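In what follows, a single structure is set out as structure tokens and then discussed.
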Amino acid sequence: MTAHNKNIPASYRVTQLIRTVLSDMALGLFKVTHSGAAMLGLATAVGLVTLVARPDLRQEVEHHALGWLLQRQQTQSPAEPELPVEPQAAERATATLPHTLPAEQAKVAHWLSRKYRVAPEPLSVLVSEAFEVGRAVKIDPTLILAVMAIESRFNPFAQSPVGAQGLMQVLTKVHTEKYEDFGGKLAAFDPVANLRVGAKVLQDCIRRAGSIEGGLRLYVGAVTTDGADYINKVMAEHLRIQSVALGKPMPRDFPNFAPTPLPVTDPAPIDGAPSVSQEQEALAPITAPRAPVPSEVRPFRAS
């Protein structure tokens with residue numbers, strides 16, 4: 001036997017030794033793996049039984065698992081840029097709470113908000129400003145609000161085809177100088193600035209025409225028509241808003257205004273005085289396109 005083993009080549013004996021070691025390692029690995037899988041299966045089964053028997057424990061595990069998944073997702077997702085925070089933004093907003101207004105103004109703000117589908121908070125500022133400006137220019141504030149309603153439906157960014165802008169549709173290119181005290185012509189899109197300038201233009205128109213109806217005719221720039229359609233719309237809305245402010249029933253019938261023709265004058269030319277075309281430019285319509293001026297009508301110029 002010994003002699004026989006001595007005759008076996010050394011390389012063969014090394015190969016057999018390696019095979020034996022690998023076989024033992026594979027057998028050991030199988031046993032360990034088999035035992036580990038069995039233990040894992042057993043642990044899983046025990047865990048499932050425990051979770052079924054303990055709903056509170058199951059909810060806690062689900063909570064922790066969900067938190068881990070969300071955290072992992074946030075870690076893997078690229079961070080999104082954050083918007084800048086501006087704590088002073090509310091101070092810049094043109095808005096106030098309706099209940100802080102006097103009772104009549106609060107009623108008007110709520111009524112206009114429902115009718116024109118505008119938030120009551122910004123409308124409250126406009127209503128309050130209209131009452132304050134109305135006292136200053138001696139115009140019924142409900143008339144100022146009626147003009148805003150018909151002209152822009154309380155849209156501070158409205159613009160007509162001829163360039164009338166803002167709440168009261170003031171023709172900015174004609175009344176640019178009136179916005180100088182507010183920082184320039186871009187103030188036409190500031191609700192309060194537009195309201196104040198529009199009220200001043202309306203005051204000038206009423207003063208020149210001698211009546212509210214005539215003033216509205218000049219305000220809308222009706223030089224070849226009597227402007228009755230626009231005047232009736234504004235005056236009807238004026239009566240509605242006025243009724244709301246006074247707590248009266250809403251009127252059902254409205255007067256039908258037929259403005260009288262403007263006076264015919266033919267003044268002699270004065271050195272340095274503006275020409276008719278210049279005056280017509282100054283009276284450029286605020287909501288309607290300009291039309292040729294008939295010879296029998298002398299246009300007014302809003303200062």
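Ordering of the structure tokens sets the chain letters (A, B, ...), residue numbers begin anew at 1 in every chain, and ligands are numbered from 1 in the order given.
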**Secondary structure check, strand (DSSP E) residues of range 98-262 of chain A, as number ranges by chain** = A: 164-165, 170-171
When you look at Asp190 in chain A with a cut-off of 9 Å (counting only C-alpha atoms), what residues show up, excluding the ones that are within fewer than 2 positions of it in the same chain? I need them as a PyMOL selection string.
chain A and resi 94+156-157+166-167+186-188+192-195
Residues near range 243-249 of chain A, anyone? I mean within 12 Å using only C-alpha atoms, not counting same-chain ones fewer than 3 positions away, as a ChimeraX atom specification. /A:102-112,127,131,140-143,145,236-240,252-253
Could you dump the residues just selected with N, CA, C and O atoms as a JSON list (two decimals), in the first residue's frame?
[["chain", "number", "residue", "atom", "x", "y", "z"],
["A", 102, "PRO", "N", -66.84, 101.21, 7.24],
["A", 102, "PRO", "CA", -68.16, 101.61, 7.70],
["A", 102, "PRO", "C", -69.23, 100.72, 7.07],
["A", 102, "PRO", "O", -69.02, 100.14, 6.00],
["A", 103, "ALA", "N", -70.37, 100.64, 7.72],
["A", 103, "ALA", "CA", -71.41, 99.68, 7.30],
["A", 103, "ALA", "C", -71.81, 99.86, 5.85],
["A", 103, "ALA", "O", -71.92, 98.88, 5.09],
["A", 104, "GLU", "N", -72.04, 101.11, 5.40],
["A", 104, "GLU", "CA", -72.50, 101.31, 4.02],
["A", 104, "GLU", "C", -71.43, 100.89, 3.02],
["A", 104, "GLU", "O", -71.74, 100.31, 1.97],
["A", 105, "GLN", "N", -70.17, 101.16, 3.34],
["A", 105, "GLN", "CA", -69.10, 100.77, 2.42],
["A", 105, "GLN", "C", -68.93, 99.25, 2.39],
["A", 105, "GLN", "O", -68.67, 98.67, 1.33],
["A", 106, "ALA", "N", -69.06, 98.61, 3.54],
["A", 106, "ALA", "CA", -68.94, 97.15, 3.59],
["A", 106, "ALA", "C", -70.04, 96.49, 2.76],
["A", 106, "ALA", "O", -69.79, 95.50, 2.05],
["A", 107, "LYS", "N", -71.26, 97.02, 2.83],
["A", 107, "LYS", "CA", -72.35, 96.46, 2.03],
["A", 107, "LYS", "C", -72.07, 96.60, 0.54],
["A", 107, "LYS", "O", -72.32, 95.68, -0.24],
["A", 108, "VAL", "N", -71.54, 97.74, 0.14],
["A", 108, "VAL", "CA", -71.21, 97.96, -1.27],
["A", 108, "VAL", "C", -70.10, 97.00, -1.72],
["A", 108, "VAL", "O", -70.18, 96.42, -2.81],
["A", 109, "ALA", "N", -69.09, 96.83, -0.88],
["A", 109, "ALA", "CA", -67.97, 95.95, -1.24],
["A", 109, "ALA", "C", -68.46, 94.52, -1.44],
["A", 109, "ALA", "O", -68.07, 93.85, -2.41],
["A", 110, "HIS", "N", -69.29, 94.03, -0.54],
["A", 110, "HIS", "CA", -69.80, 92.66, -0.66],
["A", 110, "HIS", "C", -70.69, 92.52, -1.90],
["A", 110, "HIS", "O", -70.62, 91.50, -2.61],
["A", 111, "TRP", "N", -71.52, 93.51, -2.16],
["A", 111, "TRP", "CA", -72.42, 93.43, -3.31],
["A", 111, "TRP", "C", -71.64, 93.43, -4.62],
["A", 111, "TRP", "O", -71.90, 92.61, -5.51],
["A", 112, "LEU", "N", -70.68, 94.32, -4.74],
["A", 112, "LEU", "CA", -69.86, 94.37, -5.96],
["A", 112, "LEU", "C", -69.03, 93.09, -6.11],
["A", 112, "LEU", "O", -68.84, 92.60, -7.23],
["A", 127, "VAL", "N", -63.49, 100.63, -2.68],
["A", 127, "VAL", "CA", -64.70, 101.29, -2.17],
["A", 127, "VAL", "C", -64.32, 102.40, -1.19],
["A", 127, "VAL", "O", -64.82, 103.53, -1.26],
["A", 131, "PHE", "N", -64.91, 106.54, -1.74],
["A", 131, "PHE", "CA", -65.63, 107.42, -0.83],
["A", 131, "PHE", "C", -64.74, 108.59, -0.40],
["A", 131, "PHE", "O", -65.22, 109.72, -0.28],
["A", 140, "ASP", "N", -70.30, 112.00, -6.14],
["A", 140, "ASP", "CA", -70.86, 110.87, -5.40],
["A", 140, "ASP", "C", -69.94, 109.65, -5.59],
["A", 140, "ASP", "O", -69.68, 109.24, -6.72],
["A", 141, "PRO", "N", -69.45, 109.06, -4.50],
["A", 141, "PRO", "CA", -68.53, 107.92, -4.65],
["A", 141, "PRO", "C", -69.15, 106.74, -5.37],
["A", 141, "PRO", "O", -68.45, 105.97, -6.03],
["A", 142, "THR", "N", -70.47, 106.59, -5.26],
["A", 142, "THR", "CA", -71.11, 105.48, -5.97],
["A", 142, "THR", "C", -71.08, 105.71, -7.48],
["A", 142, "THR", "O", -71.13, 104.76, -8.25],
["A", 143, "LEU", "N", -71.00, 106.96, -7.92],
["A", 143, "LEU", "CA", -70.84, 107.25, -9.35],
["A", 143, "LEU", "C", -69.44, 106.84, -9.81],
["A", 143, "LEU", "O", -69.28, 106.26, -10.90],
["A", 145, "LEU", "N", -67.60, 104.51, -8.50],
["A", 145, "LEU", "CA", -67.60, 103.05, -8.54],
["A", 145, "LEU", "C", -68.37, 102.53, -9.76],
["A", 145, "LEU", "O", -67.99, 101.52, -10.36],
["A", 236, "ALA", "N", -77.46, 103.78, -14.41],
["A", 236, "ALA", "CA", -78.23, 102.67, -13.85],
["A", 236, "ALA", "C", -77.40, 101.96, -12.77],
["A", 236, "ALA", "O", -77.91, 101.64, -11.70],
["A", 237, "GLU", "N", -76.12, 101.71, -13.06],
["A", 237, "GLU", "CA", -75.28, 101.06, -12.07],
["A", 237, "GLU", "C", -75.06, 101.98, -10.86],
["A", 237, "GLU", "O", -74.98, 101.51, -9.72],
["A", 238, "HIS", "N", -74.99, 103.26, -11.13],
["A", 238, "HIS", "CA", -74.85, 104.25, -10.05],
["A", 238, "HIS", "C", -76.04, 104.16, -9.09],
["A", 238, "HIS", "O", -75.87, 104.14, -7.86],
["A", 239, "LEU", "N", -77.25, 104.06, -9.62],
["A", 239, "LEU", "CA", -78.44, 103.97, -8.78],
["A", 239, "LEU", "C", -78.47, 102.65, -8.01],
["A", 239, "LEU", "O", -78.91, 102.61, -6.86],
["A", 240, "ARG", "N", -78.01, 101.58, -8.63],
["A", 240, "ARG", "CA", -77.97, 100.28, -7.92],
["A", 240, "ARG", "C", -77.01, 100.35, -6.74],
["A", 240, "ARG", "O", -77.34, 99.94, -5.62],
["A", 252, "ARG", "N", -85.97, 99.00, -10.01],
["A", 252, "ARG", "CA", -86.30, 98.20, -11.18],
["A", 252, "ARG", "C", -86.40, 99.04, -12.45],
["A", 252, "ARG", "O", -86.20, 98.52, -13.55],
["A", 253, "ASP", "N", -86.75, 100.28, -12.29],
["A", 253, "ASP", "CA", -86.88, 101.17, -13.44],
["A", 253, "ASP", "C", -85.82, 102.25, -13.35],
["A", 253, "ASP", "O", -85.54, 102.79, -12.27]]
Within 9 Å of Leu202 in chain A, counting only C-alpha atoms, which residues qualify if same-chain residues fewer than 4 places away don't, as an MDAnalysis selection string?
chainID A and resid 139 144 197:198 206:207 215:216 218:219 302
Helix (DSSP H, G or I) call set, DSSP backbone run, range 61-283 of chain A, as a PyMOL selection string
chain A and resi 61-76+89-92+98-100+103-116+120-137+141-152+176-182+185-189+191-209+212-220+228-246+276-282
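If you look at CA of Pro98 in chain A and CA of Ser124 in chain A, they are 5.5 Å away from each other.
Using only C-alpha atoms, the contacts of Ala90 in chain A at a cut-off of 12 Å, with sequence neighbours closer than 5 positions omitted, comprise Val85, Ala95, Thr96, Glu121 and Pro122 of chain A.
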CA of Val170 in chain A to CA of Val201 in chain A measures 8.1 Å
